[in-house]
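Chemist: Structure file query_13.cif (mmCIF, C-alpha atoms) is given on the next line.
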```
data_start
loop_
_atom_site.label_atom_id
_atom_site.label_comp_id
_atom_site.auth_asym_id
_atom_site.auth_seq_id
_atom_site.Cartn_x
_atom_site.Cartn_y
_atom_site.Cartn_z
CA MET A 1 15.09 -9.05 -24.92
CA ILE A 2 11.95 -10.57 -23.42
CA GLU A 3 8.90 -9.89 -25.57
CA ARG A 4 6.51 -12.80 -24.83
CA ILE A 5 5.53 -14.03 -21.36
CA SER A 6 2.96 -16.62 -20.34
CA ILE A 7 1.60 -16.80 -16.80
CA LEU A 8 0.23 -20.21 -15.87
CA GLY A 9 -2.00 -19.59 -12.86
CA THR A 10 -3.79 -16.24 -12.68
CA GLY A 11 -4.54 -16.12 -8.99
CA LEU A 12 -3.29 -13.44 -6.62
CA LEU A 13 0.41 -13.76 -7.45
CA GLY A 14 0.13 -14.55 -11.15
CA THR A 15 -2.26 -11.68 -11.83
CA SER A 16 -0.15 -9.35 -9.69
CA VAL A 17 2.89 -10.30 -11.78
CA GLY A 18 1.05 -9.27 -14.93
CA LEU A 19 -0.11 -5.99 -13.42
CA ALA A 20 3.34 -5.25 -11.99
CA LEU A 21 5.02 -5.93 -15.33
CA ARG A 22 2.71 -3.47 -17.05
CA ALA A 23 3.27 -0.88 -14.33
CA ALA A 24 7.04 -1.35 -14.73
CA GLY A 25 6.81 -0.63 -18.45
CA PHE A 26 6.73 -4.07 -20.06
CA ARG A 27 5.26 -3.61 -23.53
CA GLY A 28 5.45 -7.17 -24.81
CA SER A 29 2.76 -9.84 -24.94
CA ILE A 30 1.42 -11.44 -21.73
CA VAL A 31 -0.79 -14.50 -22.10
CA GLY A 32 -2.50 -16.09 -19.10
CA TRP A 33 -4.01 -19.46 -18.29
CA ASN A 34 -5.91 -20.60 -15.22
CA ARG A 35 -7.54 -23.87 -14.24
CA SER A 36 -10.65 -21.84 -13.46
CA PRO A 37 -11.90 -19.89 -16.51
CA GLU A 38 -13.30 -17.26 -14.13
CA GLY A 39 -9.82 -16.60 -12.75
CA ALA A 40 -8.37 -16.13 -16.22
CA GLN A 41 -11.24 -13.85 -17.22
CA ALA A 42 -10.71 -11.72 -14.10
CA ALA A 43 -7.02 -11.30 -14.91
CA PHE A 44 -7.89 -10.34 -18.49
CA SER A 45 -10.52 -7.83 -17.36
CA MET A 46 -8.02 -6.20 -15.01
CA GLY A 47 -5.45 -5.80 -17.80
CA ALA A 48 -2.92 -8.21 -16.29
CA ILE A 49 -2.91 -10.35 -19.43
CA ASP A 50 -3.57 -9.61 -23.10
CA ALA A 51 -5.17 -12.93 -23.95
CA ILE A 52 -6.45 -16.10 -22.31
CA ALA A 53 -4.70 -19.29 -23.38
CA ALA A 54 -6.76 -22.39 -24.13
CA ASP A 55 -3.79 -24.76 -23.74
CA PRO A 56 -1.09 -24.01 -21.13
CA LEU A 57 1.59 -26.06 -22.89
CA GLN A 58 0.96 -24.35 -26.22
CA ALA A 59 1.07 -20.96 -24.51
CA ALA A 60 4.42 -21.92 -22.96
CA ARG A 61 5.87 -23.03 -26.30
CA GLU A 62 4.91 -19.71 -27.87
CA SER A 63 6.50 -17.66 -25.07
CA GLN A 64 10.05 -16.83 -24.10
CA VAL A 65 9.35 -16.77 -20.35
CA VAL A 66 6.87 -19.00 -18.54
CA VAL A 67 5.82 -18.02 -15.00
CA LEU A 68 4.39 -20.88 -12.96
CA ALA A 69 2.08 -19.29 -10.39
CA VAL A 70 0.31 -22.43 -9.21
CA PRO A 71 0.57 -24.51 -5.98
CA ILE A 72 3.83 -26.35 -5.40
CA TYR A 73 2.75 -29.83 -6.45
CA ALA A 74 1.12 -28.38 -9.57
CA THR A 75 4.40 -26.56 -10.27
CA LEU A 76 6.31 -29.84 -10.04
CA ASP A 77 3.78 -31.48 -12.35
CA TYR A 78 4.07 -28.72 -14.95
CA MET A 79 7.85 -28.84 -14.75
CA GLU A 80 7.70 -32.46 -15.90
CA LYS A 81 5.34 -31.57 -18.76
CA LEU A 82 7.22 -28.47 -19.89
CA ALA A 83 10.64 -30.11 -19.88
CA GLY A 84 9.63 -32.23 -22.85
CA VAL A 85 8.25 -29.44 -25.04
CA LEU A 86 10.54 -26.46 -24.36
CA GLY A 87 14.08 -25.77 -25.52
CA SER A 88 17.02 -23.45 -24.93
CA GLU A 89 15.00 -20.52 -26.26
CA HIS A 90 12.77 -20.67 -23.16
CA LEU A 91 12.96 -19.75 -19.48
CA VAL A 92 10.61 -21.17 -16.87
CA THR A 93 10.37 -19.61 -13.41
CA ASP A 94 8.04 -20.02 -10.45
CA VAL A 95 6.74 -18.24 -7.35
CA GLY A 96 6.53 -21.23 -4.98
CA SER A 97 6.97 -20.79 -1.24
CA THR A 98 9.27 -23.81 -0.79
CA LYS A 99 12.26 -24.42 -2.98
CA GLY A 100 13.94 -27.73 -2.08
CA GLN A 101 11.93 -30.04 -4.33
CA ILE A 102 11.49 -27.43 -7.06
CA THR A 103 15.21 -26.67 -7.27
CA ALA A 104 16.05 -30.39 -7.35
CA ALA A 105 13.56 -30.91 -10.18
CA ALA A 106 15.04 -27.91 -12.03
CA GLY A 107 18.47 -29.53 -11.94
CA ARG A 108 17.06 -32.82 -13.22
CA LEU A 109 14.78 -31.50 -15.96
CA PHE A 110 16.23 -28.17 -17.12
CA ASN A 111 19.37 -26.02 -17.20
CA THR A 112 21.55 -27.74 -19.77
CA PRO A 113 22.69 -26.13 -23.06
CA GLU A 114 20.00 -27.90 -25.09
CA ARG A 115 17.14 -27.56 -22.57
CA ALA A 116 15.09 -24.67 -21.24
CA ALA A 117 16.40 -22.72 -18.29
CA PHE A 118 14.57 -22.85 -14.98
CA LEU A 119 14.99 -20.12 -12.37
CA PRO A 120 13.45 -21.05 -9.00
CA GLY A 121 11.92 -17.95 -7.43
CA HIS A 122 9.86 -16.91 -4.42
CA PRO A 123 8.51 -13.38 -3.94
CA MET A 124 8.04 -12.67 -0.24
CA ALA A 125 4.73 -10.97 -0.88
CA GLY A 126 1.11 -11.96 -0.73
CA LYS A 127 -2.13 -11.63 1.14
CA GLU A 128 -4.06 -13.85 3.50
CA ARG A 129 -6.61 -14.49 0.77
CA GLY A 130 -6.02 -15.44 -2.84
CA GLY A 131 -7.67 -14.84 -6.18
CA ALA A 132 -7.20 -12.51 -9.12
CA ALA A 133 -9.65 -9.98 -7.73
CA LEU A 134 -7.18 -9.13 -4.94
CA ALA A 135 -4.20 -8.71 -7.28
CA ASP A 136 -2.16 -5.53 -6.98
CA ALA A 137 0.44 -3.96 -9.29
CA GLU A 138 2.30 -2.73 -6.18
CA LEU A 139 2.34 -6.10 -4.40
CA PHE A 140 6.05 -6.67 -5.00
CA ARG A 141 7.27 -3.12 -4.46
CA GLY A 142 9.64 -3.06 -1.52
CA ALA A 143 9.44 -6.85 -1.16
CA VAL A 144 12.27 -9.37 -1.36
CA TRP A 145 12.20 -11.79 -4.29
CA LEU A 146 14.25 -14.86 -3.41
CA PHE A 147 16.02 -17.04 -5.97
CA THR A 148 17.63 -20.44 -5.44
CA ASP A 149 19.60 -20.48 -8.67
CA ASP A 150 22.50 -22.94 -8.92
CA PRO A 151 25.78 -21.52 -10.29
CA THR A 152 26.81 -24.97 -11.54
CA TRP A 153 23.95 -25.19 -14.06
CA LEU A 154 25.23 -25.02 -17.66
CA ARG A 155 22.77 -23.01 -19.69
CA SER A 156 22.86 -21.90 -23.28
CA PRO A 157 23.94 -18.27 -23.82
CA HIS A 158 20.40 -17.44 -24.95
CA SER A 159 18.70 -18.92 -21.86
CA ALA A 160 21.29 -17.26 -19.63
CA GLU A 161 20.25 -13.94 -21.19
CA LEU A 162 16.60 -14.72 -20.45
CA VAL A 163 17.49 -15.39 -16.81
CA LYS A 164 19.31 -12.07 -16.64
CA GLY A 165 16.39 -10.32 -18.32
CA TRP A 166 13.80 -11.79 -15.96
CA ARG A 167 15.79 -10.77 -12.90
CA GLU A 168 15.93 -7.25 -14.30
CA TRP A 169 12.15 -7.19 -14.67
CA VAL A 170 11.74 -8.45 -11.10
CA ALA A 171 13.88 -5.52 -9.96
CA ALA A 172 11.82 -3.18 -12.16
CA MET A 173 8.69 -4.40 -10.36
CA GLY A 174 10.21 -2.96 -7.20
CA SER A 175 11.63 -6.09 -5.59
CA LYS A 176 15.04 -6.69 -4.07
CA CYS A 177 16.60 -9.87 -5.49
CA ILE A 178 18.41 -12.17 -3.05
CA ASP A 179 20.01 -15.53 -3.85
CA LEU A 180 19.87 -18.34 -1.31
CA ASP A 181 20.80 -21.99 -1.14
CA PRO A 182 17.50 -23.94 -1.41
CA ALA A 183 17.95 -25.70 1.95
CA ARG A 184 18.76 -22.39 3.63
CA HIS A 185 15.73 -20.85 1.94
CA ASP A 186 13.35 -23.49 3.26
CA ASP A 187 14.79 -23.30 6.79
CA LEU A 188 14.60 -19.51 6.85
CA VAL A 189 11.08 -19.15 5.47
CA ALA A 190 9.89 -21.81 7.92
CA TRP A 191 10.80 -19.35 10.70
CA VAL A 192 9.75 -16.04 9.17
CA SER A 193 6.75 -17.04 7.05
CA HIS A 194 5.43 -20.51 7.77
CA LEU A 195 5.61 -20.32 11.58
CA PRO A 196 3.58 -17.06 11.74
CA GLN A 197 0.93 -18.64 9.52
CA PHE A 198 0.54 -21.75 11.65
CA VAL A 199 0.54 -19.72 14.85
CA ALA A 200 -2.27 -17.56 13.47
CA THR A 201 -4.14 -20.64 12.28
CA ALA A 202 -3.85 -22.37 15.66
CA MET A 203 -4.80 -19.21 17.57
CA SER A 204 -7.79 -18.50 15.34
CA ALA A 205 -9.02 -22.10 15.58
CA LEU A 206 -8.61 -22.05 19.36
CA LEU A 207 -10.46 -18.75 19.74
CA GLN A 208 -13.25 -20.03 17.51
CA GLU A 209 -13.70 -23.03 19.80
CA GLU A 210 -13.38 -21.17 23.09
CA VAL A 211 -15.08 -17.80 22.54
CA GLY A 212 -16.19 -17.77 18.91
CA ASP A 213 -19.86 -17.45 19.85
CA ALA A 214 -19.34 -14.49 22.19
CA PRO A 215 -21.28 -11.53 20.70
CA GLU A 216 -18.85 -9.00 22.18
CA LEU A 217 -15.71 -10.80 20.93
CA LYS A 218 -14.70 -8.40 18.17
CA ASP A 219 -15.20 -5.32 20.35
CA VAL A 220 -13.23 -6.76 23.25
CA GLY A 221 -10.43 -8.15 21.09
CA GLY A 222 -9.72 -4.94 19.22
CA ARG A 223 -6.60 -4.32 17.18
CA ALA A 224 -4.46 -6.95 18.91
CA LEU A 225 -6.91 -9.68 18.00
CA ARG A 226 -7.19 -8.48 14.40
CA GLU A 227 -3.42 -8.30 13.89
CA MET A 228 -2.65 -11.63 15.55
CA THR A 229 -5.34 -13.57 13.70
CA ARG A 230 -5.26 -11.89 10.28
CA LEU A 231 -3.38 -14.80 8.74
CA GLY A 232 -5.97 -17.15 10.21
CA ALA A 233 -8.13 -16.24 7.22
CA SER A 234 -5.73 -18.02 4.86
CA PRO A 235 -7.33 -21.04 3.17
CA TYR A 236 -6.04 -24.58 3.52
CA SER A 237 -5.65 -24.82 -0.25
CA MET A 238 -2.89 -22.17 -0.10
CA TRP A 239 -0.92 -23.94 2.63
CA ARG A 240 -1.40 -27.68 2.07
CA ASP A 241 1.55 -28.02 -0.33
CA ILE A 242 3.79 -25.79 1.79
CA ALA A 243 3.21 -27.94 4.87
CA SER A 244 3.80 -31.10 2.87
CA THR A 245 7.01 -29.98 1.13
CA ASN A 246 8.67 -28.25 4.10
CA THR A 247 7.43 -30.51 6.89
CA GLU A 248 10.66 -31.06 8.81
CA ALA A 249 11.67 -27.40 8.93
CA ILE A 250 8.18 -26.35 10.04
CA GLN A 251 8.14 -29.05 12.71
CA VAL A 252 11.39 -27.63 14.12
CA THR A 253 9.90 -24.15 14.42
CA LEU A 254 6.65 -25.37 15.98
CA LEU A 255 8.48 -27.49 18.55
CA ALA A 256 10.71 -24.54 19.46
CA LEU A 257 7.64 -22.35 19.90
CA GLU A 258 5.91 -24.98 22.02
CA GLN A 259 8.95 -25.01 24.32
CA ARG A 260 9.06 -21.21 24.44
CA LEU A 261 5.38 -21.00 25.31
CA ALA A 262 5.87 -23.57 28.06
CA HIS A 263 8.72 -21.41 29.40
CA LEU A 264 6.43 -18.38 29.42
CA ARG A 265 3.65 -20.32 31.12
CA GLU A 266 6.00 -21.43 33.87
CA ASN A 267 7.40 -17.93 34.47
CA LEU A 268 4.39 -15.64 34.49
CA ARG A 269 5.28 -14.57 38.06
CA THR A 270 9.09 -14.62 37.86
CA PRO A 271 11.77 -12.19 36.55
CA GLU A 272 12.19 -14.49 33.54
CA LEU A 273 9.10 -12.86 32.06
CA ARG A 274 10.92 -9.51 31.89
CA ALA A 275 13.80 -11.20 30.07
CA GLU A 276 11.42 -12.58 27.46
CA PHE A 277 9.91 -9.15 26.82
CA GLU A 278 13.39 -7.61 26.55
CA GLN A 279 14.44 -10.27 24.03
CA ALA A 280 11.29 -9.67 22.01
CA ASN A 281 11.84 -5.91 22.07
CA ARG A 282 15.39 -6.37 20.75
CA PHE A 283 14.08 -8.35 17.78
CA ARG A 284 11.57 -5.63 16.92
CA ARG A 285 14.21 -2.88 17.21
CA GLU A 286 16.66 -4.75 14.97
#
```
Could you express the structure from this file as structure tokens?
Modeler:
Amino acid sequence: MIERISILGTGLLGTSVGLALRAAGFRGSIVGWNRSPEGAQAAFSMGAIDAIAADPLQAARESQVVVLAVPIYATLDYMEKLAGVLGSEHLVTDVGSTKGQITAAAGRLFNTPERAAFLPGHPMAGKERGGAALADAELFRGAVWLFTDDPTWLRSPHSAELVKGWREWVAAMGSKCIDLDPARHDDLVAWVSHLPQFVATAMSALLQEEVGDAPELKDVGGRALREMTRLGASPYSMWRDIASTNTEAIQVTLLALEQRLAHLRENLRTPELRAEFEQANRFRRE
């Protein structure tokens, strides 16, 4: 039974995990740590954590489950640090948006009978802006929580029970758990998550340059503009590590979109335009 959890990184996702656990009925101890003291204090004030940790490694040692809710490169860094201080009585999991490098590191550093377990995870939930203040206990309800667990990993019976217990709490938070191969995960999220972000970023940057100073812009643009550019508000700090750790897959999607846009541009006055709309309508219906 899981009774002690530490959340390293109390931004949007980390704080939402704490709030969602409480809403799901978790009655154990939740300790939080954040690089910014203000972020940790916000999570504490909202009731997402019971206490603020002074030392993230000490907090991890004193917990059964450690949730890494920090950017991807910071996650990889903490994996190296935690591997040397945790044992088979611990489980470490993460919420990173790319899984190739994290899953490889998990196989190298964890998941043997004498070491801590590591369960690579990725909740398909979030907002265009981060920070504890925007955290929501319902953020994961109805969302998919992806795992890239490896069935060949040989864990201790105790850590295997922690993995099972954490997956049960993820389900209790309202998420649907799906297991994917890490390479398949990174390819798929490049299409359904990363591509929409970079399209919105490019469109928002282009509009800012071309018509950003037009006083009537927001009135003329209306709902279509708001919906298409909402993700353009996402900060670089949230996406830098994603772009760097899933570069090839994202490049494939962007090139395919460039070619599709060129096809549209060349067929604005031909029947091919109807075919594109019909194809798009099929995707939305399915």
Chemist: Can you list, as an mmCIF file with C-alpha atoms, in the frame of the given file, every protein, DNA or RNA residue that comes within 7 Å of stretch 104-117 of chain A when you count all atoms listed in the file, leaving out same-chain residues fewer than 3 positions away?
Modeler:
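That gives us part08.cif:
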```
data_model
loop_
_atom_site.group_PDB
_atom_site.id
_atom_site.type_symbol
_atom_site.label_atom_id
_atom_site.label_comp_id
_atom_site.auth_asym_id
_atom_site.auth_seq_id
_atom_site.Cartn_x
_atom_site.Cartn_y
_atom_site.Cartn_z
ATOM 1 C CA ALA A 83 10.640 -30.110 -19.880
ATOM 2 C CA LEU A 86 10.540 -26.460 -24.360
ATOM 3 C CA GLY A 87 14.080 -25.770 -25.520
ATOM 4 C CA SER A 88 17.020 -23.450 -24.930
ATOM 5 C CA GLU A 89 15.000 -20.520 -26.260
ATOM 6 C CA HIS A 90 12.770 -20.670 -23.160
ATOM 7 C CA LEU A 91 12.960 -19.750 -19.480
ATOM 8 C CA VAL A 92 10.610 -21.170 -16.870
ATOM 9 C CA GLY A 100 13.940 -27.730 -2.080
ATOM 10 C CA GLN A 101 11.930 -30.040 -4.330
ATOM 11 C CA TRP A 153 23.950 -25.190 -14.060
ATOM 12 C CA LEU A 154 25.230 -25.020 -17.660
ATOM 13 C CA ARG A 155 22.770 -23.010 -19.690
ATOM 14 C CA SER A 156 22.860 -21.900 -23.280
ATOM 15 C CA SER A 159 18.700 -18.920 -21.860
#
```
Chemist: Just so the selection is clear, what residues does the PyMOL selection byres ((chain A and resi 26) around 12) cover here, as a VMD selection string?
Modeler: chain A and resid 1 to 5 17 to 25 27 to 30 48 to 49 165 to 166 168 to 170 172 to 173
Chemist: State, in Å with one decimal place, the distance from atom CA of A:Leu231 to atom CA of A:Met124.
Modeler: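 Going from atom CA of A:Leu231 over to atom CA of A:Met124 covers 14.7 Å.
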Chemist: Smallest atom-to-atom distance to A:His122: which of A:Asp136, A:Tyr78, A:Val199, A:Leu13, using only C-alpha atoms?
Modeler: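 Counting only C-alpha atoms, the residue closest to A:His122 is A:Leu13.
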Chemist: Counting all atoms listed in the file, which residues in stretch 111-219 of chain A sit no more than 10 Å from stretch 233-254 of chain A? For each one, give the nearest pair of atoms and the distance in Å, sorted by chain then residue number, as a tab-separated table.
Modeler:
```
residue	atom	partner	partner_atom	distance
A:Lys127	CA	A:Ser234	CA	8.2
A:Glu128	CA	A:Ser234	CA	4.7
A:Arg129	CA	A:Ser234	CA	5.5
A:Gly130	CA	A:Met238	CA	7.9
A:Ala183	CA	A:Ala249	CA	9.5
A:Asp186	CA	A:Asn246	CA	6.7
A:Asp187	CA	A:Ala249	CA	5.6
A:Leu188	CA	A:Ala249	CA	8.7
A:Val189	CA	A:Ala249	CA	9.0
A:Ala190	CA	A:Ile250	CA	5.3
A:Trp191	CA	A:Thr253	CA	6.1
A:Val192	CA	A:Thr253	CA	9.7
A:Ser193	CA	A:Ile250	CA	9.9
A:His194	CA	A:Ile250	CA	6.8
A:Leu195	CA	A:Thr253	CA	6.4
A:Pro196	CA	A:Leu254	CA	9.8
A:Gln197	CA	A:Ser234	CA	8.2
A:Phe198	CA	A:Leu254	CA	8.3
A:Val199	CA	A:Leu254	CA	8.4
A:Ala200	CA	A:Ala233	CA	8.7
A:Thr201	CA	A:Ala233	CA	7.8
A:Ser204	CA	A:Ala233	CA	8.4
```
Chemist: Please report the interatomic distance between atom CA of A:Ala43 and atom CA of A:Ala137 in Å with one decimal.
Modeler: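 Straight-line distance from atom CA of A:Ala43 to atom CA of A:Ala137 works out to 11.9 Å.
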Chemist: Which residues come within 12 Å of A:Ala54, counting all atoms listed in the file, excluding same-chain residues fewer than 6 positions away, as a JSON list (two decimals) with C-alpha atoms, in the frame of the given file?
Modeler:
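Once written, around_36.json looks like this:
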```json
[["chain", "number", "residue", "atom", "x", "y", "z"],
["A", 6, "SER", "CA", 2.96, -16.62, -20.34],
["A", 8, "LEU", "CA", 0.23, -20.21, -15.87],
["A", 31, "VAL", "CA", -0.79, -14.50, -22.10],
["A", 32, "GLY", "CA", -2.50, -16.09, -19.10],
["A", 33, "TRP", "CA", -4.01, -19.46, -18.29],
["A", 34, "ASN", "CA", -5.91, -20.60, -15.22],
["A", 35, "ARG", "CA", -7.54, -23.87, -14.24],
["A", 36, "SER", "CA", -10.65, -21.84, -13.46],
["A", 37, "PRO", "CA", -11.90, -19.89, -16.51],
["A", 40, "ALA", "CA", -8.37, -16.13, -16.22],
["A", 41, "GLN", "CA", -11.24, -13.85, -17.22],
["A", 60, "ALA", "CA", 4.42, -21.92, -22.96]]
```
Chemist: Using Å and a single decimal, report how far atom CA of A:Glu138 sits from atom CA of A:Pro123.
Modeler: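 Between atom CA of A:Pro123 and atom CA of A:Glu138 the gap works out to 12.5 Å.
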Chemist: As a check of understanding, name the residues that the PyMOL selection byres ((chain A and resi 177) around 9) selects in the supplied structure, as a ChimeraX atom specification.
Modeler: /A:123,143-147,167,170-171,175-176,178-179
Chemist: Restricted to C-alpha atoms, what would the selected residues look like written as a PDB file, in the frame of the given file?
Modeler:
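After the write, part-v2.pdb holds the following:
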```
ATOM      1  CA  PRO A 123       8.510 -13.380  -3.940  1.00  0.00           C
ATOM      2  CA  ALA A 143       9.440  -6.850  -1.160  1.00  0.00           C
ATOM      3  CA  VAL A 144      12.270  -9.370  -1.360  1.00  0.00           C
ATOM      4  CA  TRP A 145      12.200 -11.790  -4.290  1.00  0.00           C
ATOM      5  CA  LEU A 146      14.250 -14.860  -3.410  1.00  0.00           C
ATOM      6  CA  PHE A 147      16.020 -17.040  -5.970  1.00  0.00           C
ATOM      7  CA  ARG A 167      15.790 -10.770 -12.900  1.00  0.00           C
ATOM      8  CA  VAL A 170      11.740  -8.450 -11.100  1.00  0.00           C
ATOM      9  CA  ALA A 171      13.880  -5.520  -9.960  1.00  0.00           C
ATOM     10  CA  SER A 175      11.630  -6.090  -5.590  1.00  0.00           C
ATOM     11  CA  LYS A 176      15.040  -6.690  -4.070  1.00  0.00           C
ATOM     12  CA  ILE A 178      18.410 -12.170  -3.050  1.00  0.00           C
ATOM     13  CA  ASP A 179      20.010 -15.530  -3.850  1.00  0.00           C
TER      14      ASP A 179
END
```
Chemist: Quick check on the file I pasted: which residues fall under the PyMOL selection byres ((chain A and resi 67) around 7)? Write them as an MDAnalysis selection string.
Modeler: chainID A and resid 6:8 65:66 68:69 92:94
Chemist: Starting from the point (-0.1, -19.2, -8.2), work out which residues of protein, DNA or RNA have an atom no more than 7 Å away when counting only C-alpha atoms; state them as a PyMOL selection string.
Modeler: chain A and resi 9-14+68-71+95
